[in-house]
>>> print(open('protein26.cif').read())   # mmCIF, C-alpha atoms
data_target
loop_
_atom_site.label_atom_id
_atom_site.label_comp_id
_atom_site.auth_asym_id
_atom_site.auth_seq_id
_atom_site.Cartn_x
_atom_site.Cartn_y
_atom_site.Cartn_z
CA MET I 1 11.44 -7.77 3.64
CA ILE I 2 9.38 -10.09 5.74
CA GLY I 3 7.65 -13.15 4.39
CA GLU I 4 7.70 -14.81 1.02
CA GLY I 5 8.47 -13.23 -2.31
CA PRO I 6 9.36 -9.71 -3.30
CA ARG I 7 6.69 -7.59 -1.71
CA CYS I 8 6.53 -3.92 -1.02
CA VAL I 9 6.94 -2.75 2.57
CA THR I 10 4.69 0.22 2.02
CA CYS I 11 1.67 -1.54 0.64
CA GLY I 12 -0.89 -3.14 2.87
CA ASP I 13 -0.16 -6.34 1.03
CA LEU I 14 2.76 -6.94 3.32
CA ALA I 15 0.69 -6.94 6.46
CA THR I 16 1.95 -10.14 8.02
CA PRO I 17 0.32 -12.42 10.59
CA MET I 18 2.67 -12.60 13.59
CA ARG I 19 2.36 -14.09 17.04
CA VAL I 20 3.33 -12.18 20.18
CA ALA I 21 6.29 -14.03 21.70
CA ALA I 22 7.04 -11.62 24.53
CA LEU I 23 6.03 -8.20 25.74
CA ALA I 24 8.72 -5.57 26.24
CA GLU I 25 8.93 -3.63 29.48
CA GLU I 26 5.62 -2.40 30.82
CA GLY I 27 4.42 0.82 29.30
CA SER I 28 6.72 0.63 26.28
CA GLY I 29 3.94 -0.42 23.92
CA LEU I 30 6.32 -2.83 22.22
CA ALA I 31 6.34 -6.59 21.78
CA LEU I 32 8.64 -9.17 20.26
CA CYS I 33 6.66 -10.92 17.54
CA VAL I 34 7.43 -13.96 15.42
CA ALA I 35 6.12 -14.82 11.96
CA ASP I 36 5.38 -18.32 10.69
CA ASP I 37 8.71 -18.43 8.89
CA GLY I 38 10.56 -17.70 12.12
CA VAL I 39 11.34 -14.05 11.39
CA THR I 40 11.17 -12.00 14.58
CA CYS I 41 10.86 -8.26 15.00
CA THR I 42 9.91 -5.63 17.51
CA VAL I 43 6.37 -4.45 16.94
CA ASP I 44 4.53 -1.42 18.23
CA ILE I 45 1.30 -2.75 19.73
CA GLY I 46 -0.15 0.65 20.59
CA LEU I 47 -3.07 0.16 18.19
CA VAL I 48 -4.19 -3.19 19.63
CA PRO I 49 -4.78 -2.52 23.31
CA ASP I 50 -4.52 -5.54 25.60
CA ALA I 51 -2.55 -7.63 23.10
CA GLY I 52 -0.85 -10.40 25.03
CA VAL I 53 1.61 -13.23 24.61
CA GLY I 54 0.24 -15.83 22.19
CA ASP I 55 -2.07 -13.43 20.37
CA SER I 56 -1.91 -13.38 16.57
CA LEU I 57 -1.62 -9.90 15.15
CA LEU I 58 -1.70 -8.39 11.68
CA VAL I 59 1.57 -6.46 11.46
CA HIS I 60 2.47 -3.80 8.91
CA ALA I 61 5.59 -1.63 8.85
CA GLY I 62 6.42 -2.36 12.46
CA ALA I 63 2.96 -1.74 13.89
CA ALA I 64 0.16 -4.18 14.69
CA LEU I 65 -3.03 -3.07 12.94
CA ALA I 66 -5.44 -5.71 14.20
CA ARG I 67 -5.77 -8.82 16.30
CA LEU I 68 -6.47 -11.86 14.15
CA PRO I 69 -9.33 -14.18 15.07
CA GLN I 70 -8.46 -17.57 16.44
CA ALA I 71 -9.07 -20.37 13.94
CA PRO I 72 -11.22 -23.29 15.14
CA GLY I 73 -9.06 -26.01 16.55
CA ASN I 74 -6.02 -23.81 16.75
CA GLY I 75 -4.17 -23.80 20.01
CA ALA I 76 -3.60 -20.07 20.08
CA SER I 77 -4.62 -18.48 23.30
CA MET U 78 -2.41 -20.78 12.31
CA ARG U 79 -1.11 -19.39 9.04
CA TYR U 80 -3.98 -17.31 7.63
CA ALA U 81 -2.53 -18.08 4.20
CA GLU U 82 -2.59 -21.75 3.22
CA GLU U 83 -6.31 -21.98 3.97
CA PHE U 84 -6.88 -19.32 1.32
CA ARG U 85 -4.84 -20.97 -1.44
CA ASP U 86 -6.76 -24.24 -1.85
CA PRO U 87 -6.86 -25.16 -5.58
CA GLY U 88 -10.12 -27.10 -5.27
CA LEU U 89 -11.93 -24.18 -3.68
CA ALA U 90 -10.43 -21.87 -6.31
CA ARG U 91 -11.86 -24.06 -9.10
CA ALA U 92 -15.26 -24.00 -7.40
CA LEU U 93 -15.18 -20.21 -7.16
CA VAL U 94 -14.21 -19.91 -10.82
CA ALA U 95 -17.16 -22.14 -11.71
CA GLU U 96 -19.46 -19.87 -9.69
CA ILE U 97 -18.01 -16.82 -11.46
CA LEU U 98 -18.67 -18.43 -14.84
CA SER U 99 -22.24 -19.28 -13.91
CA SER U 100 -23.00 -15.74 -12.71
CA LEU U 101 -21.99 -14.08 -15.97
CA GLU U 102 -24.52 -12.49 -18.22
CA PRO U 103 -23.85 -13.76 -21.77
CA GLY U 104 -22.21 -11.18 -24.01
CA ARG U 105 -21.61 -8.66 -21.25
CA HIS U 106 -18.02 -7.49 -20.69
CA LEU U 107 -17.26 -6.33 -17.16
CA LYS U 108 -14.33 -4.22 -15.95
CA LEU U 109 -13.41 -4.54 -12.28
CA MET U 110 -10.72 -2.36 -10.74
CA GLU U 111 -8.51 -3.61 -7.95
CA VAL U 112 -7.65 -0.42 -6.11
CA CYS U 113 -4.70 -1.76 -4.14
CA GLY U 114 -1.30 -2.63 -5.56
CA GLY U 115 -1.24 -5.64 -3.24
CA HIS U 116 -4.18 -7.10 -5.13
CA THR U 117 -2.40 -6.45 -8.43
CA HIS U 118 0.57 -8.37 -7.10
CA SER U 119 -1.62 -11.29 -5.96
CA ILE U 120 -3.52 -11.40 -9.26
CA TYR U 121 -0.32 -11.81 -11.27
CA ARG U 122 1.53 -13.90 -8.73
CA TYR U 123 -1.22 -16.51 -8.52
CA GLY U 124 -2.34 -16.26 -12.16
CA ILE U 125 -5.86 -15.21 -11.18
CA ASP U 126 -6.30 -13.29 -14.43
CA ASP U 127 -5.67 -16.54 -16.32
CA LEU U 128 -8.44 -18.28 -14.39
CA LEU U 129 -11.04 -15.68 -15.29
CA PRO U 130 -13.22 -15.77 -18.39
CA ALA U 131 -12.56 -13.16 -21.09
CA GLU U 132 -15.76 -11.36 -20.08
CA VAL U 133 -14.19 -10.30 -16.78
CA GLU U 134 -11.37 -7.79 -17.14
CA LEU U 135 -9.30 -6.67 -14.18
CA VAL U 136 -8.08 -3.08 -14.26
CA HIS U 137 -5.25 -1.98 -12.02
CA GLY U 138 -5.84 1.05 -9.83
CA PRO U 139 -3.73 3.73 -8.16
CA GLY U 140 -3.18 1.96 -4.84
CA CYS U 141 0.59 1.63 -4.92
CA PRO U 142 2.02 4.39 -2.72
CA VAL U 143 5.48 4.13 -4.26
CA CYS U 144 4.07 4.48 -7.77
CA VAL U 145 2.30 7.75 -7.07
CA ILE U 146 5.26 9.64 -5.54
CA PRO U 147 6.13 12.53 -7.88
CA MET U 148 9.76 13.09 -8.81
CA GLY U 149 9.90 16.41 -7.00
CA ARG U 150 9.40 14.70 -3.64
CA VAL U 151 12.28 12.32 -4.40
CA ASP U 152 14.41 15.37 -5.20
CA ASP U 153 13.45 16.85 -1.82
CA GLY U 154 14.66 13.72 -0.05
CA ILE U 155 17.92 13.70 -1.97
CA ALA U 156 18.46 17.38 -1.16
CA LEU U 157 18.06 16.59 2.54
CA ALA U 158 20.76 13.94 2.36
CA ARG U 159 23.13 15.84 0.08
CA GLU U 160 22.79 19.45 1.07
CA HIS U 161 21.86 19.14 4.73
CA GLY U 162 23.89 16.03 5.47
CA VAL U 163 21.11 14.13 7.19
CA VAL U 164 20.75 10.38 7.43
CA LEU U 165 17.82 9.72 5.10
CA ALA U 166 15.91 6.60 6.15
CA CYS U 167 13.40 5.08 3.77
CA PHE U 168 11.71 1.82 2.83
CA GLY U 169 13.61 -0.31 0.34
CA ASP U 170 11.06 0.22 -2.43
CA MET U 171 11.82 3.93 -2.48
CA LEU U 172 15.51 3.43 -3.20
CA ARG U 173 15.12 3.00 -6.96
CA VAL U 174 12.35 5.53 -7.58
CA PRO U 175 13.73 8.06 -10.06
CA GLY U 176 13.93 11.73 -9.18
CA SER U 177 14.70 14.36 -11.79
CA GLN U 178 18.43 13.64 -11.64
CA CYS U 179 18.89 10.34 -9.82
CA THR U 180 17.46 7.85 -7.33
CA PHE U 181 18.12 7.54 -3.60
CA LEU U 182 20.35 4.60 -4.44
CA ASP U 183 22.37 6.72 -6.90
CA ALA U 184 22.70 9.43 -4.26
CA LYS U 185 23.89 6.82 -1.76
CA ALA U 186 26.50 5.56 -4.23
CA ASP U 187 27.58 9.16 -4.61
CA GLY U 188 28.18 9.55 -0.88
CA ALA U 189 24.81 10.58 0.55
CA ASP U 190 23.85 8.75 3.76
CA VAL U 191 20.71 6.91 2.66
CA ARG U 192 19.65 3.90 4.70
CA MET U 193 16.97 1.33 4.14
CA VAL U 194 14.63 0.59 7.03
CA TYR U 195 11.74 -1.83 7.47
CA SER U 196 9.70 0.41 9.72
CA PRO U 197 9.52 3.93 11.16
CA LEU U 198 10.63 2.36 14.45
CA ASP U 199 13.88 1.34 12.75
CA ALA U 200 14.41 4.94 11.65
CA LEU U 201 13.86 6.15 15.20
CA ARG U 202 16.37 3.58 16.40
CA LEU U 203 18.89 5.07 13.96
CA ALA U 204 18.34 8.46 15.56
CA ARG U 205 18.86 7.03 19.05
CA GLU U 206 22.05 5.26 17.96
CA ASN U 207 23.43 8.32 16.15
CA PRO U 208 22.71 11.27 18.47
CA GLU U 209 25.26 13.42 16.64
CA ARG U 210 23.39 13.02 13.30
CA GLU U 211 20.03 14.28 12.09
CA VAL U 212 17.86 11.40 10.91
CA VAL U 213 14.94 12.04 8.57
CA PHE U 214 12.38 9.33 7.84
CA PHE U 215 11.03 9.60 4.28
CA ALA U 216 7.51 8.41 5.04
CA ILE U 217 5.27 7.01 2.33
CA GLY U 218 2.17 4.87 2.28
CA PHE U 219 -1.60 4.92 2.55
CA GLU U 220 -3.66 4.69 5.72
CA THR U 221 -2.15 1.25 6.29
CA THR U 222 1.30 2.70 6.90
CA ALA U 223 0.46 6.13 8.29
CA PRO U 224 -0.52 4.79 11.76
CA SER U 225 2.93 3.24 12.17
CA THR U 226 4.57 6.58 11.31
CA ALA U 227 2.19 8.36 13.68
CA LEU U 228 2.96 5.98 16.55
CA THR U 229 6.69 6.50 15.99
CA LEU U 230 6.34 10.28 15.94
CA GLN U 231 4.38 10.11 19.19
CA ARG U 232 7.15 7.96 20.63
CA ALA U 233 9.87 10.39 19.45
CA LYS U 234 8.01 13.31 20.99
CA ARG U 235 7.41 11.44 24.23
CA GLU U 236 11.07 10.45 24.50
CA GLY U 237 12.30 13.91 23.51
CA ILE U 238 14.44 12.67 20.64
CA ARG U 239 15.58 15.90 19.01
CA ASN U 240 17.56 14.57 16.04
CA PHE U 241 14.63 12.78 14.39
CA SER U 242 12.15 14.19 11.91
CA CYS U 243 9.79 12.99 9.21
CA LEU U 244 9.23 14.02 5.59
CA SER U 245 5.65 12.91 5.19
CA ASN U 246 4.45 11.70 1.82
CA HIS U 247 1.54 9.77 3.25
CA VAL U 248 -1.51 9.71 1.02
CA THR U 249 -5.13 8.76 1.48
CA ILE U 250 -7.09 6.39 -0.71
CA LEU U 251 -10.54 7.94 -0.97
CA PRO U 252 -9.74 11.21 -2.86
CA PRO U 253 -7.99 9.48 -5.80
CA LEU U 254 -10.82 6.96 -5.92
CA ARG U 255 -13.28 9.82 -6.19
CA ALA U 256 -11.07 11.47 -8.84
CA LEU U 257 -11.08 8.25 -10.84
CA LEU U 258 -14.84 7.96 -10.58
CA THR U 259 -15.28 11.43 -12.03
CA SER U 260 -12.83 10.77 -14.86
CA PRO U 261 -14.67 10.77 -18.20
CA ASP U 262 -12.38 8.20 -19.84
CA LEU U 263 -12.90 5.50 -17.27
CA ARG U 264 -15.54 2.78 -17.40
CA ILE U 265 -15.48 0.55 -14.36
CA ASP U 266 -18.30 -1.78 -13.29
CA GLY U 267 -17.11 -2.43 -9.75
CA PHE U 268 -14.24 -2.12 -7.31
CA ILE U 269 -12.18 -4.64 -5.38
CA GLY U 270 -11.58 -2.51 -2.30
CA PRO U 271 -8.30 -2.31 -0.37
CA GLY U 272 -8.14 -4.78 2.51
CA HIS U 273 -5.55 -3.43 4.88
CA VAL U 274 -6.33 0.25 4.36
CA SER U 275 -9.82 -0.78 5.42
CA THR U 276 -8.45 -2.49 8.53
CA VAL U 277 -7.59 1.05 9.59
CA ILE U 278 -10.40 3.20 8.14
CA GLY U 279 -13.12 0.53 7.99
CA SER U 280 -15.48 -0.38 5.17
CA ARG U 281 -17.98 2.41 5.87
CA PRO U 282 -16.00 5.25 4.18
CA PHE U 283 -16.41 3.48 0.82
CA GLU U 284 -20.19 3.83 0.90
CA PHE U 285 -20.05 6.97 -1.28
CA VAL U 286 -18.98 4.80 -4.22
CA PRO U 287 -22.27 2.89 -4.62
CA ARG U 288 -24.35 5.78 -3.28
CA ASP U 289 -22.95 8.60 -5.45
CA TYR U 290 -21.52 6.73 -8.42
CA GLY U 291 -23.60 3.56 -8.63
CA LYS U 292 -20.63 1.17 -8.48
CA PRO U 293 -20.44 -1.84 -6.16
CA VAL U 294 -17.44 -2.33 -3.85
CA VAL U 295 -16.17 -5.49 -2.18
CA ILE U 296 -13.41 -5.04 0.40
CA SER U 297 -11.04 -7.91 -0.25
CA GLY U 298 -8.24 -9.89 1.35
CA PHE U 299 -5.08 -10.65 -0.55
CA GLU U 300 -4.89 -14.41 -0.84
CA PRO U 301 -6.06 -15.95 -4.13
CA LEU U 302 -9.32 -17.28 -2.68
CA ASP U 303 -10.00 -13.85 -1.17
CA VAL U 304 -9.64 -12.18 -4.55
CA LEU U 305 -11.69 -14.81 -6.39
CA GLN U 306 -14.45 -14.68 -3.79
CA SER U 307 -14.50 -10.88 -4.02
CA ILE U 308 -14.88 -11.07 -7.80
CA ARG U 309 -17.72 -13.55 -7.36
CA MET U 310 -19.39 -11.22 -4.84
CA LEU U 311 -19.08 -8.26 -7.23
CA LEU U 312 -20.54 -10.27 -10.10
CA GLY U 313 -23.32 -11.42 -7.76
CA GLN U 314 -24.22 -7.82 -6.94
CA ILE U 315 -24.22 -6.88 -10.62
CA ALA U 316 -26.33 -9.91 -11.56
CA ASP U 317 -28.84 -9.19 -8.77
CA GLY U 318 -29.00 -5.48 -9.53
CA ARG U 319 -27.62 -4.64 -6.08
CA CYS U 320 -25.02 -1.92 -5.46
CA VAL U 321 -23.52 -1.75 -1.98
CA VAL U 322 -20.26 -2.07 -0.07
CA GLU U 323 -19.65 -5.68 0.94
CA ASN U 324 -16.85 -6.91 3.13
CA GLN U 325 -15.18 -10.15 2.05
CA TYR U 326 -12.26 -9.56 4.46
CA ARG U 327 -14.25 -9.69 7.67
CA ARG U 328 -11.51 -11.54 9.51
CA VAL U 329 -9.57 -8.26 9.87
CA VAL U 330 -11.79 -5.44 8.54
CA PRO U 331 -14.39 -4.03 10.95
CA GLU U 332 -17.01 -1.67 9.58
CA ASP U 333 -15.52 1.23 11.52
CA GLY U 334 -11.84 0.29 11.21
CA ASN U 335 -9.40 0.60 14.07
CA PRO U 336 -10.54 3.55 16.25
CA LYS U 337 -7.21 3.76 18.04
CA ALA U 338 -5.34 4.03 14.72
CA LEU U 339 -7.69 6.76 13.53
CA GLU U 340 -7.22 8.62 16.82
CA VAL U 341 -3.42 8.45 16.59
CA MET U 342 -3.44 9.62 12.96
CA ALA U 343 -5.78 12.50 13.79
CA GLU U 344 -3.43 13.71 16.50
CA VAL U 345 -0.23 13.54 14.47
CA PHE U 346 -1.39 14.40 10.93
CA GLU U 347 -3.64 16.85 9.16
CA LEU U 348 -4.80 16.91 5.56
CA ARG U 349 -2.79 18.90 3.04
CA PRO U 350 -4.89 21.26 0.90
CA HIS U 351 -3.61 19.42 -2.15
CA PHE U 352 -0.89 16.98 -3.16
CA GLU U 353 0.54 15.95 -6.48
CA TRP U 354 0.09 12.32 -7.46
CA ARG U 355 2.35 10.99 -10.14
CA GLY U 356 0.33 10.52 -13.29
CA LEU U 357 -2.87 11.77 -11.69
CA GLY U 358 -1.95 15.40 -11.01
CA PHE U 359 -2.98 17.45 -8.00
CA ILE U 360 -5.77 16.00 -5.88
CA SER U 361 -7.34 18.02 -3.07
CA HIS U 362 -7.10 16.78 0.52
CA SER U 363 -5.39 13.59 -0.60
CA ALA U 364 -2.25 13.58 1.56
CA LEU U 365 -1.12 14.01 5.14
CA ARG U 366 1.33 16.43 6.68
CA LEU U 367 2.36 16.70 10.30
CA SER U 368 0.03 18.75 12.46
CA ASP U 369 1.24 21.95 14.12
CA SER U 370 1.75 20.19 17.43
CA TYR U 371 4.36 17.98 15.73
CA ALA U 372 6.11 20.81 13.84
CA GLU U 373 9.40 20.16 15.63
CA LEU U 374 9.42 16.69 14.06
CA ASP U 375 8.41 17.91 10.59
CA ALA U 376 11.31 17.88 8.11
CA GLU U 377 9.41 20.33 5.91
CA VAL U 378 9.46 22.83 8.77
CA ARG U 379 12.99 22.13 9.94
CA TRP U 380 14.74 22.15 6.56
CA ALA U 381 14.60 24.26 3.42
CA LEU U 382 13.57 21.94 0.60
CA PRO U 383 13.63 22.57 -3.16
CA GLY U 384 9.92 21.78 -3.46
CA VAL U 385 10.13 21.93 -7.24
CA ARG U 386 7.48 20.29 -9.38
CA VAL U 387 9.06 18.01 -11.97
CA ALA U 388 7.16 16.79 -15.01
CA ASP U 389 7.13 13.06 -15.67
CA PRO U 390 9.30 11.78 -18.56
CA LYS U 391 7.40 11.99 -21.82
CA ALA U 392 7.90 8.32 -22.60
CA CYS U 393 6.36 7.30 -19.27
CA GLN U 394 2.69 6.28 -19.32
CA CYS U 395 2.39 5.47 -15.62
CA GLY U 396 -0.51 7.89 -15.32
CA GLU U 397 -2.57 5.97 -17.85
CA VAL U 398 -1.62 2.68 -16.20
CA LEU U 399 -2.59 4.05 -12.77
CA LYS U 400 -5.96 5.15 -14.12
CA GLY U 401 -6.49 1.79 -15.78
CA VAL U 402 -6.73 3.38 -19.21
CA ILE U 403 -3.98 1.16 -20.62
CA LYS U 404 -2.49 -2.16 -19.56
CA PRO U 405 1.19 -2.29 -18.57
CA TRP U 406 2.20 -4.03 -21.79
CA GLU U 407 0.51 -1.33 -23.84
CA CYS U 408 2.99 1.30 -22.59
CA LYS U 409 5.49 2.28 -25.27
CA VAL U 410 8.54 1.59 -23.09
CA PHE U 411 7.31 -1.46 -21.11
CA GLY U 412 9.95 -4.17 -20.94
CA THR U 413 12.31 -2.36 -23.26
CA ALA U 414 13.54 1.02 -22.03
CA CYS U 415 11.64 0.52 -18.76
CA THR U 416 12.45 -2.59 -16.72
CA PRO U 417 12.71 -3.22 -12.96
CA GLU U 418 16.49 -2.89 -13.26
CA HIS U 419 16.30 0.44 -15.12
CA ALA U 420 12.89 1.87 -14.42
CA ILE U 421 11.60 5.02 -16.06
CA GLY U 422 8.25 4.94 -14.34
CA THR U 423 7.38 4.20 -10.74
CA CYS U 424 4.92 1.44 -11.70
CA MET U 425 7.99 -0.55 -12.71
CA VAL U 426 9.96 0.26 -9.55
CA SER U 427 7.73 -1.00 -6.80
CA SER U 428 7.07 -4.72 -6.68
CA GLU U 429 3.42 -3.78 -6.13
CA GLY U 430 3.38 -1.60 -9.24
CA ALA U 431 1.23 -2.95 -12.05
CA CYS U 432 4.12 -2.92 -14.52
CA ALA U 433 6.60 -4.65 -12.21
CA ALA U 434 4.02 -7.25 -11.19
CA TYR U 435 3.17 -7.96 -14.81
CA TYR U 436 6.86 -7.94 -15.80
CA SER U 437 7.64 -10.50 -13.08
CA TYR U 438 4.71 -12.86 -13.50
CA GLY U 439 2.66 -12.17 -16.60
CA ARG U 440 4.74 -11.29 -19.63
CA PHE U 441 5.89 -14.81 -20.43
CA ARG U 442 2.38 -16.23 -20.19
CA ARG U 443 1.17 -13.54 -22.55
CA THR U 444 3.92 -14.45 -25.02
CA GLU U 445 2.87 -18.11 -24.78
CA HIS U 446 -0.77 -17.22 -25.37
CA ALA U 447 0.13 -15.10 -28.38
CA ALA U 448 2.25 -17.85 -29.93
#
>>> encode(input="protein26.cif", output="structure tokens")
Amino acid sequence: MIGEGPRCVTCGDLATPMRVAALAEEGSGLALCVADDGVTCTVDIGLVPDAGVGDSLLVHAGAALARLPQAPGNGAS
Amino acid sequence: MRYAEEFRDPGLARALVAEILSSLEPGRHLKLMEVCGGHTHSIYRYGIDDLLPAEVELVHGPGCPVCVIPMGRVDDGIALAREHGVVLACFGDMLRVPGSQCTFLDAKADGADVRMVYSPLDALRLARENPEREVVFFAIGFETTAPSTALTLQRAKREGIRNFSCLSNHVTILPPLRALLTSPDLRIDGFIGPGHVSTVIGSRPFEFVPRDYGKPVVISGFEPLDVLQSIRMLLGQIADGRCVVENQYRRVVPEDGNPKALEVMAEVFELRPHFEWRGLGFISHSALRLSDSYAELDAEVRWALPGVRVADPKACQCGEVLKGVIKPWECKVFGTACTPEHAIGTCMVSSEGACAAYYSYGRFRRTEHAA
């Protein structure tokens, strides 16, 4: 499981904010993403077109569901 | 940016509780249902129910996809692993869900090749790494999870991976919600709507709830301040005599959801005519199967499955818990014959299940209050 506490993979509760660390080869639709606690995983970014390195994504069960807004004052690109 | 700590501020929580208290109509008892198991988990984990006045009662809904899987579907998965010798890949929460004879974990201990994965992509990787084996992904989840399965099936088809298939148990949230609303033994004053399902389908599909049934809905995030603010918004609607769908979780829920996710799901899946929900019975058009164009990746097409309907154990009251008719602790076997270690009902298996969440976080506080 990703993140804190015993949470269910299948429920939307586990959707985890992750930052895109690197894009896989072009056309693969995959990216290496990292969570706040340092956990990394390969994520399918097919549902968030144009996601790029540095973007924060909402990730659930290996797929990014949405791009998270940038908080004021945050350095995220 | 954490998107979490900002929504756990104790001072803001106290302010929201004060607003909730001030918006209450004296003497009126209100029942609010949180549809999603993730909200149930947050409510117990953060003690939100303890912060609320007695006039506001939270009722736990059917939004835990593990909890609603009927035993017959578990038997189908076990038959795939045992009789057809496939590698059965599933999420960890499915491992301890009881079938009629045993769980996936029991079957694994008995020699079946059952493997836990974190995502459909992991299951596809298993297929790539084991070309001599058939790998079946036992897919479960609401509209939050279905897009990930759909993307993976598209990928498998694109890459021509022949030893991968999917046993789809994906379900949809709106039909059971409608079934609950037509249930004569249910009195609910408003709904805390599912946040991440709505990231996919949007907030608009919930508009039938206020329009046809006169109940307000607030789509909510999962952090404690999200849930408290959603409760305050629901009470505000009730106090003002309004009845609409409001969106508390605007940071990730657009009105129309994620169009790309809906497009991918529409290509890969189609609605089943009906599907059995544990404790709720058969509900029309409430689940997804693979569309004809993905038949070669459909485990139900590729393999002969028992497909037998299995009645729930008599002692189990998961159905009443899922409908919010009784609280977890009111079940006859809660915490005695049914515990997370030896679960009879699915609500005790999944960490998002109302019984497991209450068992983990609430039962001791209740004992203290009773003392």
>>> closest_residue(input="protein26.cif", among="U:Arg85, U:Arg264, U:Arg232, U:Lys409", to="chain I", atoms="all atoms listed in the file")
U:Arg232
>>> closest_residue(input="protein26.cif", among="I:Ala24, I:Met18, I:Ala63, I:Leu68", to="Leu47 (chain I)", atoms="only C-alpha atoms")
I:Ala63
>>> closest_residue(input="protein26.cif", among="U:Glu211, U:Asp262, U:Glu300, U:Glu284", to="chain I", atoms="only C-alpha atoms")
U:Glu300
>>> resolve_selection(input="protein26.cif", expression="the PyMOL selection byres ((chain U) within 8 of (chain I))", output="PyMOL selection string")
chain U and resi 78-80+113-116+141-143+168-170+195-198+217-219+221-222+224-225+228+272-274+276-277+299+328-329+335+337-338+427-429
>>> atom_distance(input="protein26.cif", atom1="CA of Leu258 (chain U)", atom2="CA of Pro405 (chain U)")
20.6 Å
>>> resolve_selection(input="protein26.cif", expression="the PyMOL selection byres ((chain U and resi 408) around 12)", output="PyMOL selection string")
chain U and resi 391-399+401-407+409-416+421-422+424-425+431-432
>>> residues_around(input="protein26.cif", residues="Glu26 (chain I)", least_positions_apart="5", cutoff="12 Å", atoms="all atoms listed in the file", output="PyMOL selection string")
chain I and resi 31+45+50+52
>>> atom_distance(input="protein26.cif", atom1="CA of Ile125 (chain U)", atom2="CA of Ala90 (chain U)")
9.4 Å
>>> resolve_selection(input="protein26.cif", expression="the PyMOL selection byres ((chain U and resi 285-292) around 9)", output="list in words")
Leu254, Arg255, Leu258, Thr259, Ile265, Asp266, Gly267, Phe268, Arg281, Pro282, Phe283, Glu284, Pro293, Val294, Cys320, Val321 and Val322 of chain U
